[in-house]
Amino acid sequence: MGDFPRTVAEFEARFATEEACRAYLCRLRWPDGFRCGCGDTNAWWTARGLWQCATCGAQTSVTAGTVFQDTRKPLRLWFHAMWWVASQKTGGSALGLQRLLGLGSYETAWSWLHKLRRAMVRPGRDRLAGHVEVDETYLGGLSVPRGRSTAKKALVVVAVELVGPRLGRIRLRRIKDASADSLQAFIDEAIEPGSLLHTDGWAGYHPVARHGYRHQVTVLRGQQAAPSRLLPHVHRVVSLLRRWLLGTHQGAVTPAHLDYYIDEFTFSLQPSHLSARRAVVLPPRSAGRRRGARTLHEFGQARLARPQPVGVR
């Protein structure tokens with residue numbers, strides 16, 4: 001919104017109470033006033049902080065269906081987290097959020113940060129344009145894949161926008177195979193037609209010219225044929241993604257959960273940080289584990305079993 005607070009002082013003055021936070025959410029969800037699911041607009045505010053419809057008697061929470069649903073923490077704490085994440089150029093880290101809010105565990109901060117990041121993804125966001133490198137790679141598991149199919153590793157396609165000598169925006173997706181149909185579906189959604197695609201000699205990329213894209217194939221011979229030499233910008237991102245997974249999760253990353261981790265990575269890693277130190281690129285490890293505590297990998301698997309609420313639109 002245009003009246004987003006720009007400083008800590010403005011934020012504190014505007015969202016000083018729990019009631020101010022709830023009123024702000026109400027204006028976002030119902031800009032023309034509250035409307036019940038039955039269509040009636042006659043309702044009153046209960047002592048429990050719920051809207052109760054005068055016609056059907058249904059009670060509606062302003063946090064239902066949002067990232068705040070079923071939370072036991074005050075909304076002011078959530079608003080602090082949102083303002084801090086939105087104010088950071090890199091989106092912040094779970095450890096930084098834990099220290100800022102005084103949360104009891106790193107896992108709680110990690111869960112909050114992931115919910116906020118998913119809610120921040122803009123539907124219909126702009127596609128990559130200009131010069132774009134595209135390639136696919138295998139991630140997860142412990143075995144070495146043979147050919148272009150494996151049950152223990154997931155195939156991930158990566159597109160990197162080039163802005164002069166620097167890297168621009170990044171798109172990643174797990175695909176079922178490296179066929180032309182799977183690759184073209186990703187390219188159509190992630191890249192603007194008319195862009196110049198830089199790919200290797202894999203036949204799955206050959207049809208892109210018929211879909212309105214310019215296509216440049218890079219094929220090197222001999223010792224120079226390493227993937228990092230063919231498409232260096234894509235494989236720079238892939239290398240950092242592998243390091244990020246190793247530094248964040250203990251044990252193998254299963255293909256079933258890789259979509260979840262890719263979303264986390266795309267927010268954790270910004271183009272301006274691709275040349276940064278390892279400590280900046282990788283999330284911090286937990287200092288220690290209490291008896292019976294789960295690893296972050298196990299915690300992420302448990303979170304995946306629960307339905308994820310959508311963000312406030």
# chains A, B, ... in the order shown; residues from 1 in each chain; ligands from 1
$ residues_around --residues "stretch 35-51 of chain A" --least-positions-apart "2" --cutoff "12 Å" --atoms "only C-alpha atoms" --output "PDB file with N, CA and C atoms, in the first residue's frame"
ATOM      1  N   GLU A  18      -2.719  -3.852  19.468  1.00  0.00           N
ATOM      2  CA  GLU A  18      -3.272  -5.008  18.773  1.00  0.00           C
ATOM      3  C   GLU A  18      -4.505  -4.613  17.974  1.00  0.00           C
ATOM      4  N   GLU A  19      -5.273  -3.671  18.498  1.00  0.00           N
ATOM      5  CA  GLU A  19      -6.481  -3.225  17.812  1.00  0.00           C
ATOM      6  C   GLU A  19      -6.137  -2.514  16.499  1.00  0.00           C
ATOM      7  N   CYS A  21      -3.593  -3.160  14.580  1.00  0.00           N
ATOM      8  CA  CYS A  21      -3.200  -4.199  13.626  1.00  0.00           C
ATOM      9  C   CYS A  21      -4.424  -4.899  13.039  1.00  0.00           C
ATOM     10  N   ARG A  22      -5.413  -5.215  13.904  1.00  0.00           N
ATOM     11  CA  ARG A  22      -6.632  -5.876  13.423  1.00  0.00           C
ATOM     12  C   ARG A  22      -7.423  -4.953  12.501  1.00  0.00           C
ATOM     13  N   ALA A  23      -7.482  -3.679  12.840  1.00  0.00           N
ATOM     14  CA  ALA A  23      -8.209  -2.729  11.986  1.00  0.00           C
ATOM     15  C   ALA A  23      -7.541  -2.618  10.613  1.00  0.00           C
ATOM     16  N   CYS A  26      -8.506  -5.655   8.615  1.00  0.00           N
ATOM     17  CA  CYS A  26      -9.906  -5.546   8.178  1.00  0.00           C
ATOM     18  C   CYS A  26     -10.029  -4.665   6.947  1.00  0.00           C
ATOM     19  N   ARG A  27      -9.293  -3.567   6.894  1.00  0.00           N
ATOM     20  CA  ARG A  27      -9.350  -2.686   5.730  1.00  0.00           C
ATOM     21  C   ARG A  27      -8.768  -3.370   4.493  1.00  0.00           C
ATOM     22  N   ARG A  29      -8.790  -6.757   3.917  1.00  0.00           N
ATOM     23  CA  ARG A  29      -9.660  -7.861   3.505  1.00  0.00           C
ATOM     24  C   ARG A  29     -11.009  -7.365   2.995  1.00  0.00           C
ATOM     25  N   TRP A  30     -11.541  -6.327   3.639  1.00  0.00           N
ATOM     26  CA  TRP A  30     -12.869  -5.819   3.267  1.00  0.00           C
ATOM     27  C   TRP A  30     -12.798  -4.301   3.098  1.00  0.00           C
ATOM     28  N   PRO A  31     -12.230  -3.828   1.992  1.00  0.00           N
ATOM     29  CA  PRO A  31     -12.075  -2.375   1.805  1.00  0.00           C
ATOM     30  C   PRO A  31     -13.396  -1.627   1.761  1.00  0.00           C
ATOM     31  N   ASP A  32     -14.489  -2.299   1.387  1.00  0.00           N
ATOM     32  CA  ASP A  32     -15.805  -1.658   1.348  1.00  0.00           C
ATOM     33  C   ASP A  32     -16.648  -2.004   2.567  1.00  0.00           C
ATOM     34  N   GLY A  33     -16.020  -2.528   3.600  1.00  0.00           N
ATOM     35  CA  GLY A  33     -16.749  -2.927   4.796  1.00  0.00           C
ATOM     36  C   GLY A  33     -16.934  -4.435   4.846  1.00  0.00           C
ATOM     37  N   CYS A  53     -22.139 -12.304  12.024  1.00  0.00           N
ATOM     38  CA  CYS A  53     -23.169 -11.890  11.073  1.00  0.00           C
ATOM     39  C   CYS A  53     -24.516 -11.795  11.780  1.00  0.00           C
ATOM     40  N   ALA A  54     -25.254 -10.713  11.498  1.00  0.00           N
ATOM     41  CA  ALA A  54     -26.558 -10.520  12.124  1.00  0.00           C
ATOM     42  C   ALA A  54     -27.622 -11.410  11.506  1.00  0.00           C
ATOM     43  N   THR A  55     -27.396 -11.924  10.311  1.00  0.00           N
ATOM     44  CA  THR A  55     -28.392 -12.738   9.621  1.00  0.00           C
ATOM     45  C   THR A  55     -28.221 -14.225   9.913  1.00  0.00           C
ATOM     46  N   CYS A  56     -27.033 -14.766   9.624  1.00  0.00           N
ATOM     47  CA  CYS A  56     -26.809 -16.210   9.796  1.00  0.00           C
ATOM     48  C   CYS A  56     -26.106 -16.556  11.095  1.00  0.00           C
ATOM     49  N   GLY A  57     -25.565 -15.570  11.795  1.00  0.00           N
ATOM     50  CA  GLY A  57     -24.893 -15.820  13.062  1.00  0.00           C
ATOM     51  C   GLY A  57     -23.487 -16.362  12.934  1.00  0.00           C
ATOM     52  N   ALA A  58     -22.969 -16.494  11.713  1.00  0.00           N
ATOM     53  CA  ALA A  58     -21.611 -17.017  11.522  1.00  0.00           C
ATOM     54  C   ALA A  58     -20.588 -16.022  12.043  1.00  0.00           C
ATOM     55  N   GLN A  59     -19.518 -16.566  12.641  1.00  0.00           N
ATOM     56  CA  GLN A  59     -18.438 -15.739  13.153  1.00  0.00           C
ATOM     57  C   GLN A  59     -17.223 -15.882  12.242  1.00  0.00           C
ATOM     58  N   THR A  60     -16.601 -14.758  11.920  1.00  0.00           N
ATOM     59  CA  THR A  60     -15.466 -14.735  11.000  1.00  0.00           C
ATOM     60  C   THR A  60     -14.297 -14.036  11.657  1.00  0.00           C
ATOM     61  N   SER A  61     -13.136 -14.683  11.598  1.00  0.00           N
ATOM     62  CA  SER A  61     -11.908 -14.083  12.126  1.00  0.00           C
ATOM     63  C   SER A  61     -11.192 -13.341  11.018  1.00  0.00           C
ATOM     64  N   VAL A  62     -10.619 -12.200  11.326  1.00  0.00           N
ATOM     65  CA  VAL A  62      -9.899 -11.424  10.330  1.00  0.00           C
ATOM     66  C   VAL A  62      -8.624 -12.136   9.902  1.00  0.00           C
ATOM     67  N   THR A  63      -8.133 -13.076  10.714  1.00  0.00           N
ATOM     68  CA  THR A  63      -6.899 -13.790  10.375  1.00  0.00           C
ATOM     69  C   THR A  63      -7.156 -15.120   9.672  1.00  0.00           C
ATOM     70  N   ALA A  64      -8.418 -15.525   9.508  1.00  0.00           N
ATOM     71  CA  ALA A  64      -8.727 -16.815   8.879  1.00  0.00           C
ATOM     72  C   ALA A  64      -8.248 -16.826   7.434  1.00  0.00           C
TER      73      ALA A  64
END
$ closest_residue --among "A:Phe186, A:Trp202, A:Trp83, A:Trp112" --to "A:Thr71" --atoms "only C-alpha atoms"
A:Trp112
$ residues_around --residues "A:Arg127" --least-positions-apart "5" --cutoff "10 Å" --atoms "only C-alpha atoms" --output "PyMOL selection string"
chain A and resi 161+169-171+187-193
$ select_by_dssp --residues "stretch 17-231 of chain A" --states "alpha helix (DSSP H)" --output "VMD selection string"
chain A and resid 18 to 29 75 to 87 94 to 101 106 to 119 180 to 190 227 to 230
$ atom_distance --atom1 "atom CA of A:Arg242" --atom2 "atom CA of A:Val156"
11.8 Å
$ atom_distance --atom1 "atom CA of A:Leu183" --atom2 "atom CA of A:His211"
12.1 Å
$ residues_around --residues "A:Ala86" --least-positions-apart "5" --cutoff "12 Å" --atoms "only C-alpha atoms" --output "PyMOL selection string"
chain A and resi 4-7+79-81+91-93+113+116-117+119-120+267
$ write_last_selection --atoms "N, CA and C atoms" --output "PDB file, in the first residue's frame"
ATOM      1  N   PHE A   4       2.655   2.721   3.348  1.00  0.00           N
ATOM      2  CA  PHE A   4       3.500   1.801   4.100  1.00  0.00           C
ATOM      3  C   PHE A   4       4.511   2.604   4.914  1.00  0.00           C
ATOM      4  N   PRO A   5       4.657   2.317   6.233  1.00  0.00           N
ATOM      5  CA  PRO A   5       5.595   3.086   7.067  1.00  0.00           C
ATOM      6  C   PRO A   5       7.027   2.923   6.585  1.00  0.00           C
ATOM      7  N   ARG A   6       7.760   4.021   6.531  1.00  0.00           N
ATOM      8  CA  ARG A   6       9.119   4.020   5.996  1.00  0.00           C
ATOM      9  C   ARG A   6      10.181   3.939   7.084  1.00  0.00           C
ATOM     10  N   THR A   7       9.852   4.282   8.307  1.00  0.00           N
ATOM     11  CA  THR A   7      10.827   4.257   9.395  1.00  0.00           C
ATOM     12  C   THR A   7      10.250   3.488  10.579  1.00  0.00           C
ATOM     13  N   PHE A  79       3.450  -8.232  12.721  1.00  0.00           N
ATOM     14  CA  PHE A  79       3.639  -7.012  11.938  1.00  0.00           C
ATOM     15  C   PHE A  79       5.093  -6.544  11.998  1.00  0.00           C
ATOM     16  N   HIS A  80       5.713  -6.703  13.171  1.00  0.00           N
ATOM     17  CA  HIS A  80       7.136  -6.382  13.282  1.00  0.00           C
ATOM     18  C   HIS A  80       7.949  -7.251  12.324  1.00  0.00           C
ATOM     19  N   ALA A  81       7.618  -8.541  12.287  1.00  0.00           N
ATOM     20  CA  ALA A  81       8.332  -9.458  11.402  1.00  0.00           C
ATOM     21  C   ALA A  81       8.138  -9.061   9.939  1.00  0.00           C
ATOM     22  N   GLY A  91      15.877  -9.688   2.370  1.00  0.00           N
ATOM     23  CA  GLY A  91      14.761 -10.415   2.942  1.00  0.00           C
ATOM     24  C   GLY A  91      14.998 -10.904   4.342  1.00  0.00           C
ATOM     25  N   GLY A  92      16.215 -10.726   4.880  1.00  0.00           N
ATOM     26  CA  GLY A  92      16.497 -11.139   6.252  1.00  0.00           C
ATOM     27  C   GLY A  92      16.752 -12.624   6.368  1.00  0.00           C
ATOM     28  N   SER A  93      17.151 -13.047   7.554  1.00  0.00           N
ATOM     29  CA  SER A  93      17.428 -14.452   7.840  1.00  0.00           C
ATOM     30  C   SER A  93      16.607 -14.887   9.039  1.00  0.00           C
ATOM     31  N   LEU A 113       9.373 -17.017   8.757  1.00  0.00           N
ATOM     32  CA  LEU A 113      10.007 -16.415   7.601  1.00  0.00           C
ATOM     33  C   LEU A 113       9.544 -17.081   6.320  1.00  0.00           C
ATOM     34  N   LEU A 116       5.981 -15.932   5.415  1.00  0.00           N
ATOM     35  CA  LEU A 116       5.966 -14.569   4.890  1.00  0.00           C
ATOM     36  C   LEU A 116       6.519 -14.521   3.478  1.00  0.00           C
ATOM     37  N   ARG A 117       7.572 -15.300   3.207  1.00  0.00           N
ATOM     38  CA  ARG A 117       8.160 -15.300   1.877  1.00  0.00           C
ATOM     39  C   ARG A 117       7.190 -15.851   0.840  1.00  0.00           C
ATOM     40  N   ALA A 119       3.958 -15.765   1.005  1.00  0.00           N
ATOM     41  CA  ALA A 119       2.880 -14.793   0.831  1.00  0.00           C
ATOM     42  C   ALA A 119       3.324 -13.593  -0.001  1.00  0.00           C
ATOM     43  N   MET A 120       4.639 -13.350  -0.078  1.00  0.00           N
ATOM     44  CA  MET A 120       5.161 -12.195  -0.809  1.00  0.00           C
ATOM     45  C   MET A 120       5.300 -12.454  -2.301  1.00  0.00           C
ATOM     46  N   PHE A 267      14.205 -16.978  -2.294  1.00  0.00           N
ATOM     47  CA  PHE A 267      14.103 -15.787  -1.460  1.00  0.00           C
ATOM     48  C   PHE A 267      15.380 -15.544  -0.668  1.00  0.00           C
TER      49      PHE A 267
END
$ residues_around --residues "A:Val238" --least-positions-apart "5" --cutoff "10 Å" --atoms "only C-alpha atoms" --output "number ranges by chain"
A: 135-139, 156-158, 172, 228, 232-233, 243-244
$ write_last_selection --atoms "N, CA and C atoms" --output "compact mmCIF listing (two decimals), in the first residue's frame"
# COMPACT_ATOMS: atom_id res chain seq x y z
N ASP A 135 19.17 -24.12 -18.29
CA ASP A 135 19.74 -25.47 -18.26
C ASP A 135 19.07 -26.25 -17.15
N GLU A 136 19.21 -27.57 -17.21
CA GLU A 136 18.62 -28.43 -16.17
C GLU A 136 19.72 -29.18 -15.45
N THR A 137 19.44 -29.59 -14.20
CA THR A 137 20.40 -30.31 -13.39
C THR A 137 19.66 -31.20 -12.41
N TYR A 138 20.39 -32.13 -11.76
CA TYR A 138 19.81 -33.02 -10.77
C TYR A 138 20.17 -32.54 -9.37
N LEU A 139 19.20 -32.60 -8.46
CA LEU A 139 19.41 -32.20 -7.07
C LEU A 139 18.77 -33.22 -6.15
N VAL A 156 15.74 -30.44 -12.02
CA VAL A 156 15.38 -29.05 -11.80
C VAL A 156 15.88 -28.23 -12.98
N VAL A 157 15.02 -27.40 -13.55
CA VAL A 157 15.41 -26.51 -14.64
C VAL A 157 15.61 -25.11 -14.07
N VAL A 158 16.66 -24.44 -14.51
CA VAL A 158 17.06 -23.14 -13.98
C VAL A 158 17.16 -22.14 -15.13
N LEU A 172 13.39 -21.08 -10.93
CA LEU A 172 13.69 -22.50 -10.81
C LEU A 172 12.39 -23.28 -10.71
N SER A 228 29.95 -25.99 -16.37
CA SER A 228 30.25 -24.66 -15.83
C SER A 228 30.86 -23.74 -16.88
N PRO A 232 27.91 -20.64 -17.69
CA PRO A 232 28.51 -20.36 -16.38
C PRO A 232 27.57 -19.72 -15.38
N HIS A 233 26.63 -18.88 -15.83
CA HIS A 233 25.77 -18.19 -14.89
C HIS A 233 24.75 -19.13 -14.25
N ARG A 243 25.15 -25.95 -2.26
CA ARG A 243 25.79 -25.58 -0.98
C ARG A 243 24.74 -25.17 0.03
N TRP A 244 23.73 -24.44 -0.43
CA TRP A 244 22.66 -24.00 0.47
C TRP A 244 21.93 -25.20 1.07
$ closest_residue --among "A:Leu258, A:Val208, A:Leu25, A:Leu100" --to "A:Gln184" --atoms "only C-alpha atoms"
A:Val208
$ atom_distance --atom1 "atom CA of A:Lys176" --atom2 "atom CA of A:Gly140"
14.1 Å
$ closest_residue --among "A:Val67, A:Thr17, A:Thr218, A:Leu75" --to "A:His114" --atoms "only C-alpha atoms"
A:Val67
$ closest_residue --among "A:Lys115, A:Pro207, A:Tyr261, A:Leu240" --to "A:Gln69" --atoms "only C-alpha atoms"
A:Lys115
$ select_by_dssp --residues "stretch 24-196 of chain A" --states "strand (DSSP E or B)" --output "CSV table (one decimal) with N, CA and C atoms, in the first residue's frame"
chain,number,residue,atom,x,y,z
A,43,ALA,N,-23.2,-6.8,10.6
A,43,ALA,CA,-22.4,-7.6,11.6
A,43,ALA,C,-21.9,-6.7,12.7
A,44,TRP,N,-21.5,-7.3,13.8
A,44,TRP,CA,-20.9,-6.6,14.9
A,44,TRP,C,-19.6,-7.3,15.3
A,45,TRP,N,-18.8,-6.5,16.0
A,45,TRP,CA,-17.5,-7.0,16.5
A,45,TRP,C,-17.7,-7.5,17.9
A,50,LEU,N,-14.0,-11.2,16.8
A,50,LEU,CA,-14.6,-11.8,15.6
A,50,LEU,C,-15.8,-11.0,15.1
A,51,TRP,N,-16.0,-11.1,13.8
A,51,TRP,CA,-17.2,-10.5,13.2
A,51,TRP,C,-18.3,-11.5,13.3
A,52,GLN,N,-19.4,-11.1,13.8
A,52,GLN,CA,-20.6,-12.0,13.8
A,52,GLN,C,-21.7,-11.5,13.0
A,53,CYS,N,-22.1,-12.3,12.0
A,53,CYS,CA,-23.2,-11.9,11.1
A,53,CYS,C,-24.5,-11.8,11.8
A,59,GLN,N,-19.5,-16.6,12.6
A,59,GLN,CA,-18.4,-15.7,13.2
A,59,GLN,C,-17.2,-15.9,12.2
A,60,THR,N,-16.6,-14.8,11.9
A,60,THR,CA,-15.5,-14.7,11.0
A,60,THR,C,-14.3,-14.0,11.7
A,61,SER,N,-13.1,-14.7,11.6
A,61,SER,CA,-11.9,-14.1,12.1
A,61,SER,C,-11.2,-13.3,11.0
A,128,LEU,N,11.1,-13.3,-17.1
A,128,LEU,CA,12.5,-12.9,-17.5
A,128,LEU,C,12.5,-12.4,-18.9
A,131,HIS,N,18.6,-11.5,-22.5
A,131,HIS,CA,19.5,-12.7,-22.6
A,131,HIS,C,19.2,-13.5,-21.4
A,132,VAL,N,18.9,-14.8,-21.6
A,132,VAL,CA,18.5,-15.7,-20.5
A,132,VAL,C,19.2,-17.0,-20.7
A,133,GLU,N,20.0,-17.5,-19.7
A,133,GLU,CA,20.6,-18.8,-19.8
A,133,GLU,C,19.6,-19.8,-19.2
A,134,VAL,N,19.5,-21.0,-19.8
A,134,VAL,CA,18.5,-22.0,-19.3
A,134,VAL,C,19.3,-23.4,-19.4
A,135,ASP,N,19.2,-24.1,-18.3
A,135,ASP,CA,19.7,-25.5,-18.3
A,135,ASP,C,19.1,-26.3,-17.2
A,136,GLU,N,19.2,-27.6,-17.2
A,136,GLU,CA,18.6,-28.4,-16.2
A,136,GLU,C,19.7,-29.2,-15.4
A,137,THR,N,19.4,-29.6,-14.2
A,137,THR,CA,20.4,-30.3,-13.4
A,137,THR,C,19.7,-31.2,-12.4
A,138,TYR,N,20.4,-32.1,-11.8
A,138,TYR,CA,19.8,-33.0,-10.8
A,138,TYR,C,20.2,-32.5,-9.4
A,139,LEU,N,19.2,-32.6,-8.5
A,139,LEU,CA,19.4,-32.2,-7.1
A,139,LEU,C,18.8,-33.2,-6.2
A,146,ARG,N,22.1,-41.7,-13.6
A,146,ARG,CA,22.6,-42.3,-14.9
A,146,ARG,C,21.6,-41.8,-16.0
A,149,SER,N,17.4,-39.8,-16.1
A,149,SER,CA,16.3,-40.2,-15.3
A,149,SER,C,16.8,-40.9,-14.1
A,154,ALA,N,16.0,-35.4,-8.2
A,154,ALA,CA,15.0,-34.6,-8.9
A,154,ALA,C,15.6,-33.8,-10.0
A,155,LEU,N,14.9,-33.7,-11.1
A,155,LEU,CA,15.4,-32.8,-12.2
A,155,LEU,C,14.9,-31.4,-12.0
A,156,VAL,N,15.7,-30.4,-12.0
A,156,VAL,CA,15.4,-29.0,-11.8
A,156,VAL,C,15.9,-28.2,-13.0
A,157,VAL,N,15.0,-27.4,-13.6
A,157,VAL,CA,15.4,-26.5,-14.6
A,157,VAL,C,15.6,-25.1,-14.1
A,158,VAL,N,16.7,-24.4,-14.5
A,158,VAL,CA,17.1,-23.1,-14.0
A,158,VAL,C,17.2,-22.1,-15.1
A,159,ALA,N,16.6,-21.0,-14.9
A,159,ALA,CA,16.7,-19.9,-15.9
A,159,ALA,C,17.3,-18.7,-15.2
A,160,VAL,N,18.3,-18.0,-15.8
A,160,VAL,CA,19.0,-16.9,-15.1
A,160,VAL,C,19.0,-15.8,-16.2
A,161,GLU,N,18.5,-14.6,-15.8
A,161,GLU,CA,18.5,-13.4,-16.6
A,161,GLU,C,19.8,-12.7,-16.5
A,162,LEU,N,20.4,-12.4,-17.6
A,162,LEU,CA,21.7,-11.7,-17.6
A,162,LEU,C,21.5,-10.2,-17.8
A,163,VAL,N,22.1,-9.4,-16.9
A,163,VAL,CA,22.1,-8.0,-17.0
A,163,VAL,C,23.5,-7.5,-17.1
A,166,ARG,N,26.4,-9.1,-15.1
A,166,ARG,CA,25.9,-9.5,-13.8
A,166,ARG,C,24.7,-10.4,-14.0
A,167,LEU,N,24.3,-11.1,-12.9
A,167,LEU,CA,23.1,-11.9,-12.9
A,167,LEU,C,21.9,-11.1,-12.5
A,168,GLY,N,20.8,-11.4,-13.2
A,168,GLY,CA,19.5,-10.7,-12.9
A,168,GLY,C,18.6,-11.6,-12.1
A,169,ARG,N,17.4,-11.6,-12.5
A,169,ARG,CA,16.4,-12.5,-11.7
A,169,ARG,C,16.6,-14.0,-12.1
A,170,ILE,N,16.1,-14.8,-11.2
A,170,ILE,CA,16.3,-16.2,-11.3
A,170,ILE,C,14.9,-16.9,-11.2
A,171,ARG,N,14.7,-18.0,-11.9
A,171,ARG,CA,13.5,-18.8,-11.8
A,171,ARG,C,14.0,-20.3,-11.8
A,172,LEU,N,13.4,-21.1,-10.9
A,172,LEU,CA,13.7,-22.5,-10.8
A,172,LEU,C,12.4,-23.3,-10.7
A,173,ARG,N,12.4,-24.5,-11.2
A,173,ARG,CA,11.2,-25.4,-11.1
A,173,ARG,C,11.7,-26.9,-11.2
A,174,ARG,N,11.1,-27.7,-10.4
A,174,ARG,CA,11.3,-29.1,-10.6
A,174,ARG,C,10.4,-29.7,-11.7
A,175,ILE,N,10.9,-30.4,-12.6
A,175,ILE,CA,10.2,-31.0,-13.8
A,175,ILE,C,10.3,-32.5,-13.8
A,191,ILE,N,9.7,-17.0,-19.1
A,191,ILE,CA,10.5,-16.2,-19.9
A,191,ILE,C,9.6,-15.5,-21.0
A,196,LEU,N,16.4,-13.9,-26.0
A,196,LEU,CA,17.4,-14.8,-26.5
A,196,LEU,C,17.8,-15.8,-25.5
$ closest_residue --among "A:Ala129, A:Val8, A:Ala180, A:Ala203" --to "A:Ser87" --atoms "only C-alpha atoms"
A:Val8
